[in-house]
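Source file: data07.cif (mmCIF, C-alpha atoms and all ligand atoms)
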data_run
loop_
_atom_site.label_atom_id
_atom_site.label_comp_id
_atom_site.auth_asym_id
_atom_site.auth_seq_id
_atom_site.Cartn_x
_atom_site.Cartn_y
_atom_site.Cartn_z
CA MET A 264 118.43 31.69 73.86
CA SER A 265 118.67 34.22 71.02
CA THR A 266 116.38 35.57 68.37
CA ILE A 267 118.15 34.68 65.14
CA ALA A 268 117.35 35.88 61.62
CA PHE A 269 118.56 33.32 59.07
CA LEU A 270 118.83 34.63 55.49
CA GLY A 271 119.35 32.08 52.71
CA LEU A 272 117.76 28.67 53.28
CA GLY A 273 119.41 26.65 50.51
CA ILE A 274 121.26 23.33 50.65
CA MET A 275 123.40 24.52 53.58
CA GLY A 276 121.36 27.28 55.20
CA SER A 277 118.18 25.25 55.64
CA PRO A 278 119.63 22.43 57.81
CA MET A 279 121.75 24.92 59.77
CA ALA A 280 118.70 27.09 60.57
CA CYS A 281 116.76 23.96 61.56
CA HIS A 282 119.47 22.90 64.03
CA LEU A 283 119.37 26.35 65.65
CA ALA A 284 115.56 26.18 65.93
CA ARG A 285 115.65 22.67 67.39
CA ALA A 286 118.20 23.88 69.95
CA GLY A 287 115.52 26.26 71.24
CA HIS A 288 116.43 29.55 69.57
CA ASP A 289 113.72 31.73 68.05
CA VAL A 290 114.77 31.44 64.38
CA VAL A 291 113.13 33.66 61.77
CA GLY A 292 114.04 32.51 58.26
CA TYR A 293 113.94 34.46 55.03
CA ASN A 294 114.49 32.97 51.60
CA ARG A 295 114.14 34.70 48.24
CA THR A 296 112.08 31.73 47.02
CA PRO A 297 109.52 31.51 49.87
CA ASP A 298 108.69 27.78 49.78
CA LYS A 299 112.18 26.88 51.03
CA THR A 300 111.19 28.12 54.50
CA ARG A 301 109.05 25.00 55.08
CA PRO A 302 111.71 22.77 56.72
CA LEU A 303 112.47 25.59 59.17
CA THR A 304 108.84 26.16 60.14
CA GLU A 305 108.45 22.39 60.58
CA ALA A 306 111.47 22.51 62.92
CA GLY A 307 109.78 25.17 65.07
CA GLY A 308 111.10 28.32 63.37
CA ARG A 309 109.17 31.17 61.79
CA ALA A 310 109.12 32.45 58.20
CA ALA A 311 109.53 36.11 57.21
CA SER A 312 108.60 37.60 53.86
CA SER A 313 111.41 40.19 53.73
CA ILE A 314 114.90 40.76 55.11
CA ALA A 315 113.56 43.76 57.05
CA GLU A 316 110.90 41.62 58.72
CA ALA A 317 113.41 38.86 59.56
CA VAL A 318 116.07 41.11 61.14
CA THR A 319 113.71 43.34 63.13
CA GLY A 320 114.08 42.27 66.76
CA ALA A 321 116.93 39.82 66.01
CA ASP A 322 120.02 39.64 68.28
CA VAL A 323 121.93 37.69 65.65
CA VAL A 324 121.65 37.67 61.85
CA CYS A 325 123.02 34.65 59.94
CA VAL A 326 123.61 34.77 56.19
CA MET A 327 124.16 31.79 53.85
CA VAL A 328 124.01 32.83 50.18
CA PRO A 329 126.23 31.86 47.21
CA ASP A 330 128.67 34.62 46.23
CA SER A 331 130.21 38.03 47.05
CA PRO A 332 127.60 40.13 45.14
CA ASP A 333 124.81 38.21 46.90
CA VAL A 334 126.25 38.95 50.35
CA GLN A 335 126.78 42.61 49.37
CA GLN A 336 123.15 42.81 48.28
CA VAL A 337 121.74 41.05 51.36
CA LEU A 338 123.84 43.08 53.82
CA ALA A 339 124.43 46.49 52.23
CA GLY A 340 121.78 46.63 49.49
CA GLU A 341 118.49 48.49 49.58
CA GLY A 342 116.20 46.84 52.13
CA GLY A 343 119.15 44.86 53.44
CA VAL A 344 120.48 43.97 56.88
CA PHE A 345 122.54 47.13 57.46
CA ALA A 346 119.46 49.28 56.85
CA HIS A 347 117.25 47.39 59.31
CA ALA A 348 119.32 45.70 62.04
CA ALA A 349 119.47 47.38 65.45
CA PRO A 350 122.83 48.75 66.63
CA GLY A 351 124.86 46.06 68.38
CA THR A 352 123.42 43.20 66.30
CA LEU A 353 125.90 40.42 65.60
CA VAL A 354 125.96 39.47 61.91
CA ILE A 355 127.46 36.08 61.00
CA ASP A 356 128.21 35.47 57.33
CA PHE A 357 128.54 31.72 56.70
CA SER A 358 128.83 32.19 52.90
CA SER A 359 132.13 31.59 51.08
CA ILE A 360 133.13 34.91 49.48
CA ARG A 361 136.16 37.09 48.64
CA PRO A 362 138.17 38.09 51.75
CA ASP A 363 138.51 41.70 50.52
CA VAL A 364 134.72 41.99 50.18
CA THR A 365 134.35 40.77 53.78
CA VAL A 366 136.83 43.38 55.01
CA ALA A 367 134.96 46.16 53.16
CA LEU A 368 131.60 44.97 54.55
CA ASP A 369 133.10 44.85 58.04
CA GLU A 370 134.03 48.56 57.73
CA GLN A 371 130.48 49.41 56.67
CA ALA A 372 129.06 47.34 59.52
CA ARG A 373 131.21 49.17 62.07
CA HIS A 374 129.97 52.53 60.79
CA ARG A 375 126.45 51.35 61.57
CA LYS A 376 127.52 50.01 64.98
CA LEU A 377 126.96 46.43 63.86
CA ARG A 378 129.39 43.56 64.42
CA LEU A 379 130.38 41.18 61.59
CA LEU A 380 131.99 37.75 61.74
CA ASP A 381 133.00 35.83 58.59
CA ALA A 382 132.36 32.15 59.29
CA PRO A 383 132.59 30.06 56.10
CA VAL A 384 132.09 26.35 56.55
CA SER A 385 133.43 23.08 55.23
CA GLY A 386 131.94 19.59 55.41
CA GLY A 387 129.37 19.73 52.65
CA GLU A 388 125.67 19.05 52.80
CA ALA A 389 126.34 16.03 55.06
CA GLY A 390 128.20 18.27 57.51
CA ALA A 391 125.29 20.72 57.56
CA ARG A 392 122.71 17.96 58.07
CA ASN A 393 124.74 16.25 60.82
CA ALA A 394 125.86 19.52 62.48
CA THR A 395 129.50 18.51 62.06
CA LEU A 396 130.72 21.42 59.94
CA SER A 397 134.21 22.84 60.25
CA ILE A 398 133.76 26.57 60.78
CA MET A 399 136.66 28.99 60.21
CA VAL A 400 135.91 32.30 61.84
CA GLY A 401 137.33 35.77 61.22
CA GLY A 402 136.57 38.81 63.38
CA SER A 403 137.06 39.97 66.95
CA GLU A 404 137.82 37.52 69.78
CA ALA A 405 134.94 38.89 71.84
CA ASP A 406 132.37 38.48 69.07
CA PHE A 407 133.69 34.97 68.41
CA ALA A 408 133.33 34.05 72.08
CA GLU A 409 129.75 35.34 72.07
CA ALA A 410 128.85 33.37 68.94
CA LYS A 411 130.67 30.16 69.92
CA PRO A 412 127.58 28.38 71.36
CA LEU A 413 125.72 29.02 68.08
CA PHE A 414 128.67 27.73 66.06
CA ASP A 415 128.80 24.62 68.27
CA THR A 416 125.13 23.97 67.48
CA VAL A 417 125.83 23.68 63.72
CA GLY A 418 129.49 22.64 63.70
CA GLY A 419 131.99 20.13 65.06
CA THR A 420 135.32 21.92 64.56
CA VAL A 421 135.05 25.63 65.27
CA VAL A 422 138.19 27.76 65.21
CA HIS A 423 138.83 31.50 65.40
CA VAL A 424 141.53 32.06 62.77
CA GLY A 425 142.15 35.83 62.98
CA PRO A 426 140.68 39.26 62.20
CA SER A 427 137.95 40.06 59.69
CA GLY A 428 138.44 38.24 56.36
CA SER A 429 140.69 35.53 57.83
CA GLY A 430 137.90 32.97 57.79
CA GLN A 431 137.47 33.56 54.06
CA THR A 432 141.21 33.23 53.43
CA VAL A 433 141.24 29.88 55.24
CA LYS A 434 138.17 28.77 53.29
CA ALA A 435 139.95 29.64 50.01
CA ALA A 436 142.81 27.36 51.07
CA ASN A 437 140.25 24.68 51.94
CA GLN A 438 138.75 24.86 48.46
CA LEU A 439 142.19 24.63 46.83
CA ILE A 440 142.88 21.41 48.75
CA VAL A 441 139.44 19.88 48.16
CA ALA A 442 139.37 20.60 44.40
CA SER A 443 142.88 19.21 43.88
CA ASN A 444 141.93 16.15 45.91
CA ILE A 445 138.75 15.50 43.90
CA GLN A 446 140.60 15.93 40.62
CA ALA A 447 143.30 13.44 41.69
CA LEU A 448 140.67 10.95 42.88
CA SER A 449 138.77 11.33 39.58
CA GLU A 450 141.91 10.62 37.59
CA ALA A 451 142.64 7.56 39.77
CA VAL A 452 139.11 6.17 39.26
CA VAL A 453 139.21 6.55 35.46
CA PHE A 454 142.73 5.11 35.41
CA LEU A 455 141.70 2.06 37.50
CA GLU A 456 138.62 1.43 35.39
CA SER A 457 140.69 1.54 32.20
CA TYR A 458 142.59 -1.49 33.51
CA GLY A 459 139.42 -3.34 34.47
CA VAL A 460 140.40 -3.30 38.14
CA ASP A 461 137.60 -3.82 40.72
CA THR A 462 137.39 -0.12 41.50
CA ASP A 463 135.30 -0.57 44.64
CA ALA A 464 137.94 -2.92 46.08
CA ALA A 465 140.72 -0.62 44.95
CA LEU A 466 139.17 2.41 46.66
CA GLU A 467 138.65 0.39 49.84
CA VAL A 468 142.33 -0.44 50.14
CA LEU A 469 143.45 3.01 49.00
CA GLY A 470 141.20 4.51 51.66
CA GLY A 471 143.11 2.67 54.40
CA GLY A 472 146.50 4.04 53.39
CA LEU A 473 148.08 7.43 52.83
CA ALA A 474 145.81 7.97 49.82
CA GLY A 475 142.80 7.87 52.13
CA SER A 476 140.89 11.11 52.66
CA LYS A 477 137.50 12.50 53.60
CA VAL A 478 137.06 13.28 49.90
CA LEU A 479 137.57 9.60 49.09
CA ASP A 480 135.18 8.53 51.88
CA GLN A 481 132.44 11.00 50.93
CA LYS A 482 132.72 10.97 47.13
CA ARG A 483 133.64 7.41 46.19
CA GLN A 484 130.02 6.28 45.77
CA ASN A 485 129.17 9.33 43.64
CA MET A 486 132.06 8.46 41.36
CA LEU A 487 131.48 4.70 41.20
CA THR A 488 127.77 5.10 40.43
CA ARG A 489 128.11 8.34 38.42
CA SER A 490 125.56 10.04 40.75
CA PHE A 491 126.39 13.70 40.69
CA ASP A 492 123.34 15.32 42.32
CA PRO A 493 124.57 18.22 44.46
CA GLY A 494 125.85 18.49 47.27
CA PHE A 495 128.30 21.19 46.35
CA ARG A 496 127.79 22.48 42.84
CA ILE A 497 130.65 22.81 40.36
CA GLU A 498 129.57 26.41 39.67
CA LEU A 499 130.11 27.26 43.36
CA HIS A 500 133.52 25.57 43.39
CA HIS A 501 134.37 27.49 40.20
CA LYS A 502 133.54 30.68 42.15
CA ASP A 503 135.86 29.55 44.97
CA MET A 504 138.73 28.70 42.59
CA GLY A 505 138.41 32.26 41.25
CA ILE A 506 138.74 33.53 44.82
CA VAL A 507 141.83 31.45 45.62
CA THR A 508 143.67 32.13 42.33
CA ALA A 509 143.03 35.90 42.61
CA ALA A 510 144.04 36.02 46.28
CA ALA A 511 147.20 33.98 45.64
CA ARG A 512 148.18 36.27 42.76
CA GLU A 513 147.55 39.31 44.98
CA ALA A 514 149.86 37.82 47.62
CA GLY A 515 152.54 36.91 45.04
CA VAL A 516 152.16 33.20 45.82
CA VAL A 517 152.34 30.68 42.97
CA THR A 518 149.80 27.81 43.04
CA PRO A 519 150.36 25.82 39.83
CA VAL A 520 148.19 22.83 40.75
CA GLY A 521 145.45 25.17 41.92
CA ALA A 522 145.62 27.11 38.64
CA LEU A 523 145.30 23.90 36.61
CA VAL A 524 142.41 22.59 38.69
CA ALA A 525 140.72 26.00 38.40
CA GLN A 526 140.88 25.61 34.61
CA LEU A 527 139.48 22.08 34.79
CA MET A 528 136.65 23.34 37.03
CA ALA A 529 135.96 26.10 34.46
CA ALA A 530 135.96 23.49 31.68
CA ALA A 531 133.42 21.40 33.58
CA LYS A 532 131.15 24.43 33.94
CA ALA A 533 131.60 25.35 30.27
CA ALA A 534 130.68 21.78 29.29
CA GLY A 535 127.33 22.20 31.04
CA ASP A 536 128.21 20.43 34.31
CA GLY A 537 127.94 23.53 36.55
CA GLY A 538 124.82 22.26 38.33
CA LEU A 539 126.42 18.89 39.21
CA ASP A 540 128.19 18.00 42.44
CA HIS A 541 131.93 18.75 42.33
CA SER A 542 132.64 15.00 42.26
CA GLY A 543 131.41 15.42 38.66
CA LEU A 544 134.95 16.62 37.83
CA LEU A 545 135.32 12.93 36.97
CA ARG A 546 133.29 13.57 33.80
CA GLY A 547 135.98 15.98 32.63
CA VAL A 548 138.63 13.29 33.05
CA GLU A 549 136.45 10.95 30.99
CA ARG A 550 136.04 13.58 28.27
CA LEU A 551 139.80 14.23 28.13
CA SER A 552 140.43 10.47 28.00
CA GLY A 553 137.81 9.78 25.32
CA ARG A 554 135.97 7.47 27.71
CA THR A 555 132.48 8.95 27.84
CA ASP A 556 130.77 5.65 27.01
CA ARG A 557 129.94 4.75 30.67
P1 LIG B 601 122.22 27.16 47.50
O1 LIG B 601 121.63 25.83 47.80
O2 LIG B 601 122.18 27.67 46.10
O3 LIG B 601 121.50 28.23 48.46
C1 LIG B 601 121.75 29.59 48.33
C2 LIG B 601 120.60 30.35 48.94
O4 LIG B 601 120.86 31.74 48.80
C3 LIG B 601 119.28 30.07 48.23
O5 LIG B 601 118.31 29.86 49.22
C4 LIG B 601 119.04 31.33 47.41
O6 LIG B 601 117.67 31.69 47.28
C5 LIG B 601 119.73 32.38 48.23
N1 LIG B 601 120.20 33.51 47.41
C6 LIG B 601 121.00 33.44 46.31
N2 LIG B 601 121.28 34.66 45.84
C7 LIG B 601 120.62 35.53 46.65
C8 LIG B 601 120.51 36.94 46.67
N3 LIG B 601 121.16 37.69 45.78
N4 LIG B 601 119.72 37.50 47.63
C9 LIG B 601 119.07 36.72 48.54
N5 LIG B 601 119.15 35.38 48.58
C10 LIG B 601 119.92 34.80 47.65
O7 LIG B 601 123.75 27.22 47.94
P2 LIG B 601 124.49 26.42 49.11
O8 LIG B 601 125.03 25.15 48.55
O9 LIG B 601 123.63 26.40 50.31
O10 LIG B 601 125.76 27.38 49.33
C11 LIG B 601 125.70 28.57 50.11
C12 LIG B 601 127.11 29.01 50.45
O11 LIG B 601 127.75 27.96 51.20
C13 LIG B 601 128.00 29.27 49.23
O12 LIG B 601 128.86 30.36 49.48
C14 LIG B 601 128.81 27.99 49.12
O13 LIG B 601 130.06 28.21 48.48
C15 LIG B 601 128.97 27.61 50.58
N6 LIG B 601 129.20 26.18 50.86
C16 LIG B 601 128.41 25.23 50.29
C17 LIG B 601 128.64 23.88 50.58
C18 LIG B 601 127.82 22.78 49.95
O14 LIG B 601 128.22 21.59 50.07
N7 LIG B 601 126.70 23.06 49.31
C19 LIG B 601 129.68 23.52 51.46
C20 LIG B 601 130.43 24.52 52.07
C21 LIG B 601 130.19 25.85 51.76
P3 LIG B 601 116.74 31.04 46.15
O15 LIG B 601 116.17 29.81 46.79
O16 LIG B 601 115.73 32.07 45.86
O17 LIG B 601 117.62 30.74 44.96
#
Go ahead and render the structure in this file as structure tokens.
Amino acid sequence: MSTIAFLGLGIMGSPMACHLARAGHDVVGYNRTPDKTRPLTEAGGRAASSIAEAVTGADVVCVMVPDSPDVQQVLAGEGGVFAHAAPGTLVIDFSSIRPDVTVALDEQARHRKLRLLDAPVSGGEAGARNATLSIMVGGSEADFAEAKPLFDTVGGTVVHVGPSGSGQTVKAANQLIVASNIQALSEAVVFLESYGVDTDAALEVLGGGLAGSKVLDQKRQNMLTRSFDPGFRIELHHKDMGIVTAAAREAGVVTPVGALVAQLMAAAKAAGDGGLDHSGLLRGVERLSGRTDR
């Protein structure tokens, strides 16, 4: 069993830290807003009041915060992990951030004799709660092998995809696929409703054919009932579409559908929907179609 510092106890980090604590690890959680440590302490973990306190004595440090600047601050900022973790500590960044930022942080970590894995996840809040996340891991084979039991405690599909930054590249591809899928499903729902079709029945039969998907399974109720509590916020998916469009441009790869969906995600945020679940892309289709009366 390991001593694990878990930094960032939000929608995803909190249930992941709780699973690790329930599995018998000594989990010390830190969250910027302190009251979010309660689920972890109820699951048998401990709460720390600073990053320094959390990482002191930890074998493994897990991070789950929103964006690249947040990870830079938590790892390399003043009072951060790099300043306080003991040499040899394994740092696992579960956040979804820019691959180039991960590679730069990995260099800094090596200079301090720390080891960094990028391990972004997919599967949403349900995946975190049910410990069924897909985890795409970048970094060394040996560090991956060491961390695999921890990944298996929070995930269902855990794959080492290459050197540092590779996990983030795979996650960017994941977000391209998911956003395009949600947009297509949103358009189908608004289209079906415009014809007065029984949309519930329609989605049931569509779900059994080639149009079926995990997005359809997980998001159909949100769309049918217009319940867009997050889940995965549009503002976070907007961040991810920025990552994938920039990385594709850098590589000289053209992603026209991704570029369009990135614009639609930006429009949703600009319209004030940034705090909604990404299934709320449907509201953008309604706005474009002049059908906001529902
Ligand atoms: P969240 O609920 O907003 O949680 C983020 C956590 O990070 C909060 O506890 C927040 O603290 C903390 N935080 C934010 N900025 C910080 C900073 N600069 N320094 C220290 N702590 C900071 O977000 P989430 O949904 O868990 O997402 C976390 C990551 O997982 C993101 O990269 C996201 O893209 C990815 N992800 C999310 C989902 C999903 O379905 N939600 C699915 C897959 C991947 P406060 O409480 O003080 O704000």
### Query
Between A:Thr304, A:Ala511, A:Val452, A:Pro329, which one has atoms that come closest to A:Leu499, using only C-alpha atoms?
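Once distances to A:Leu499 are computed over only C-alpha atoms, the minimum belongs to A:Pro329.
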Chain A near ligand LIG 601 (chain B) within 8 Å: what's each residue's closest atom pair and its distance in Å to one decimal, counting only C-alpha atoms and all ligand atoms, ordered by chain then ascending residue number, as a Markdown table?
| residue | atom | partner | partner_atom | distance |
| --- | --- | --- | --- | --- |
| A:Leu270 | CA | B:LIG601 | N5 | 7.0 |
| A:Gly271 | CA | B:LIG601 | O4 | 4.2 |
| A:Leu272 | CA | B:LIG601 | O5 | 4.3 |
| A:Gly273 | CA | B:LIG601 | O3 | 3.3 |
| A:Ile274 | CA | B:LIG601 | O1 | 3.8 |
| A:Met275 | CA | B:LIG601 | O9 | 3.8 |
| A:Gly276 | CA | B:LIG601 | O9 | 5.5 |
| A:Ser277 | CA | B:LIG601 | O9 | 7.7 |
| A:Asn294 | CA | B:LIG601 | O5 | 5.5 |
| A:Arg295 | CA | B:LIG601 | O16 | 3.9 |
| A:Thr296 | CA | B:LIG601 | O16 | 3.8 |
| A:Pro297 | CA | B:LIG601 | O16 | 7.4 |
| A:Lys299 | CA | B:LIG601 | O15 | 6.5 |
| A:Met327 | CA | B:LIG601 | C11 | 5.2 |
| A:Val328 | CA | B:LIG601 | O4 | 3.6 |
| A:Pro329 | CA | B:LIG601 | C13 | 3.7 |
| A:Asp330 | CA | B:LIG601 | O12 | 5.4 |
| A:Pro332 | CA | B:LIG601 | N3 | 6.9 |
| A:Asp333 | CA | B:LIG601 | N3 | 3.9 |
| A:Val334 | CA | B:LIG601 | N3 | 7.0 |
| A:Gln336 | CA | B:LIG601 | N3 | 6.0 |
| A:Val337 | CA | B:LIG601 | N4 | 5.5 |
| A:Phe357 | CA | B:LIG601 | O11 | 6.7 |
| A:Ser358 | CA | B:LIG601 | O12 | 3.9 |
| A:Ser359 | CA | B:LIG601 | O12 | 3.8 |
| A:Ile360 | CA | B:LIG601 | O12 | 6.2 |
| A:Pro383 | CA | B:LIG601 | C21 | 6.5 |
| A:Val384 | CA | B:LIG601 | C20 | 5.1 |
| A:Ser385 | CA | B:LIG601 | C20 | 4.6 |
| A:Gly386 | CA | B:LIG601 | C19 | 6.0 |
| A:Gly387 | CA | B:LIG601 | O14 | 3.4 |
| A:Glu388 | CA | B:LIG601 | O14 | 4.5 |
| A:Ala389 | CA | B:LIG601 | O14 | 7.7 |
| A:Pro493 | CA | B:LIG601 | N7 | 7.2 |
| A:Gly494 | CA | B:LIG601 | O14 | 4.8 |
| A:Phe495 | CA | B:LIG601 | O14 | 3.7 |
| A:Arg496 | CA | B:LIG601 | N7 | 6.6 |
| A:Leu499 | CA | B:LIG601 | O13 | 5.2 |
| A:His500 | CA | B:LIG601 | O13 | 6.7 |
| A:Lys502 | CA | B:LIG601 | O13 | 7.6 |
| A:Asp503 | CA | B:LIG601 | O13 | 6.9 |
### Message
Measuring between only C-alpha atoms, which one of A:Ala514, A:Val441, A:Ala367, A:Val507 shows the shortest distance to A:Leu479?
### Response
A:Val441
### Distance in Å - atom CA of A:Ala311 versus atom CA of A:Ala346
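Taking atom CA of A:Ala311 as the start and atom CA of A:Ala346 as the end point, the length is 16.5 Å.
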### Summary
Restricting to all atoms listed in the file, whichever of A:Leu487, A:Val516, A:Ala372, A:Val524 is closest to A:Leu455 is A:Leu487
### Message
When you count all atoms listed in the file, which of these residues is closest to A:Leu353: A:Thr462, A:Gln446, A:Ser457, A:Ser265?
### Response
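Between A:Thr462, A:Gln446, A:Ser457, A:Ser265, the residue approaching A:Leu353 most closely is A:Ser265.
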List as a short mmCIF file (atom, residue, chain, number, x, y, z; two decimals) with C-alpha atoms, keeping the file's coordinate frame the residues having at least one atom at most 8 Å from position (128.3, 21.5, 64.3) as given in the file, counting all atoms listed in the file.
data_model
loop_
_atom_site.label_atom_id
_atom_site.label_comp_id
_atom_site.auth_asym_id
_atom_site.auth_seq_id
_atom_site.Cartn_x
_atom_site.Cartn_y
_atom_site.Cartn_z
CA GLY A 390 128.20 18.27 57.51
CA ALA A 391 125.29 20.72 57.56
CA ASN A 393 124.74 16.25 60.82
CA ALA A 394 125.86 19.52 62.48
CA THR A 395 129.50 18.51 62.06
CA LEU A 396 130.72 21.42 59.94
CA SER A 397 134.21 22.84 60.25
CA PHE A 414 128.67 27.73 66.06
CA ASP A 415 128.80 24.62 68.27
CA THR A 416 125.13 23.97 67.48
CA VAL A 417 125.83 23.68 63.72
CA GLY A 418 129.49 22.64 63.70
CA GLY A 419 131.99 20.13 65.06
CA THR A 420 135.32 21.92 64.56
CA VAL A 421 135.05 25.63 65.27
#
### Message
Could you list, as a ChimeraX atom specification, every residue within 12 Å of A:Asp556, counting only C-alpha atoms and ignoring same-chain residues fewer than 6 positions away?
### Response
/A:453,457,546,549-550
### Query
Can you tell me how far atom CA of A:Glu467 sits from atom CA of A:Ala436, in Å to one decimal?
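We find that atom CA of A:Glu467 and atom CA of A:Ala436 lie 27.3 Å from each other.
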### Query
Using all atoms listed in the file, which of the listed residues (A:Ala405, A:Asp369, A:Ala531, A:Gly521) sits closest to A:Met504?
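Comparing A:Ala405, A:Asp369, A:Ala531, A:Gly521 against A:Met504, the winner is A:Gly521.
Between A:Val422 and the residues A:Ala410, A:Val400, A:Ile314, A:Asp492, the shortest atom-to-atom distance, using all atoms listed in the file, involves A:Val400.
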### atom CA of A:Pro412 to atom CA of A:Thr266, distance in Å rounded to a single decimal
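Computing it gives 13.6 Å between the two atoms.
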### Query
Can you tell me, as a list in words, what residues are no more than 8 Å from A:Gly470 when counting only C-alpha atoms, ignoring any on the same chain fewer than 5 positions away?
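The residues that qualify are Gly475, Ser476, Leu479 and Asp480 of chain A.
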Residue subset to file, keeping C-alpha atoms, as a PDB file, in the coordinates of the input:
ATOM      1  CA  GLY A 475     142.800   7.870  52.130  1.00  0.00           C
ATOM      2  CA  SER A 476     140.890  11.110  52.660  1.00  0.00           C
ATOM      3  CA  LEU A 479     137.570   9.600  49.090  1.00  0.00           C
ATOM      4  CA  ASP A 480     135.180   8.530  51.880  1.00  0.00           C
TER       5      ASP A 480
END
### 10 Å contact set for A:Glu370, all atoms listed in the file, chain neighbours under 6 positions out, as JSON, numbers by chain
{"A": [376, 377, 378, 379, 427]}
Could you save those same residues with C-alpha atoms as an mmCIF file, in the frame of the given file?
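selection-v1.cif written:
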data_model
loop_
_atom_site.group_PDB
_atom_site.id
_atom_site.type_symbol
_atom_site.label_atom_id
_atom_site.label_comp_id
_atom_site.auth_asym_id
_atom_site.auth_seq_id
_atom_site.Cartn_x
_atom_site.Cartn_y
_atom_site.Cartn_z
ATOM 1 C CA LYS A 376 127.520 50.010 64.980
ATOM 2 C CA LEU A 377 126.960 46.430 63.860
ATOM 3 C CA ARG A 378 129.390 43.560 64.420
ATOM 4 C CA LEU A 379 130.380 41.180 61.590
ATOM 5 C CA SER A 427 137.950 40.060 59.690
#
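Excluding A:Gly402 itself and same-chain residues fewer than 2 positions from it, the residues having an atom within 8 Å of it are Leu379, Leu380, Asp381, Val400, Glu404, Asp406, Phe407, His423, Gly425, Pro426, Ser427, Gly428 and Ser429 of chain A, counting all atoms listed in the file.
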For the interface of stretch 342-422 of chain A with stretch 321-324 of chain A (cut-off 10 Å, counting only C-alpha atoms), please tabulate each contacting residue of stretch 342-422 of chain A alongside its nearest pair of atoms and their separation in Å to one decimal, rows sorted by chain and increasing number, as CSV.
residue,atom,partner,partner_atom,distance
A:Val344,CA,A:Val324,CA,8.1
A:Ala348,CA,A:Ala321,CA,7.5
A:Ala349,CA,A:Ala321,CA,8.0
A:Pro350,CA,A:Asp322,CA,9.7
A:Gly351,CA,A:Asp322,CA,8.0
A:Thr352,CA,A:Asp322,CA,5.3
A:Leu353,CA,A:Val323,CA,4.8
A:Val354,CA,A:Val324,CA,4.7
A:Ile355,CA,A:Val324,CA,6.1
A:Asp356,CA,A:Val324,CA,8.3
A:Arg378,CA,A:Val323,CA,9.6
A:Leu379,CA,A:Val324,CA,9.4
A:Ala410,CA,A:Val323,CA,8.8
A:Leu413,CA,A:Val323,CA,9.8
### Message
Can you pull out the residues contacting stretch 284-291 of chain A? Cut-off 6 Å, using all atoms listed in the file, and skip same-chain residues under 2 positions away; I want them as a ChimeraX atom specification.
### Response
/A:264-268,281-282,307-310,317
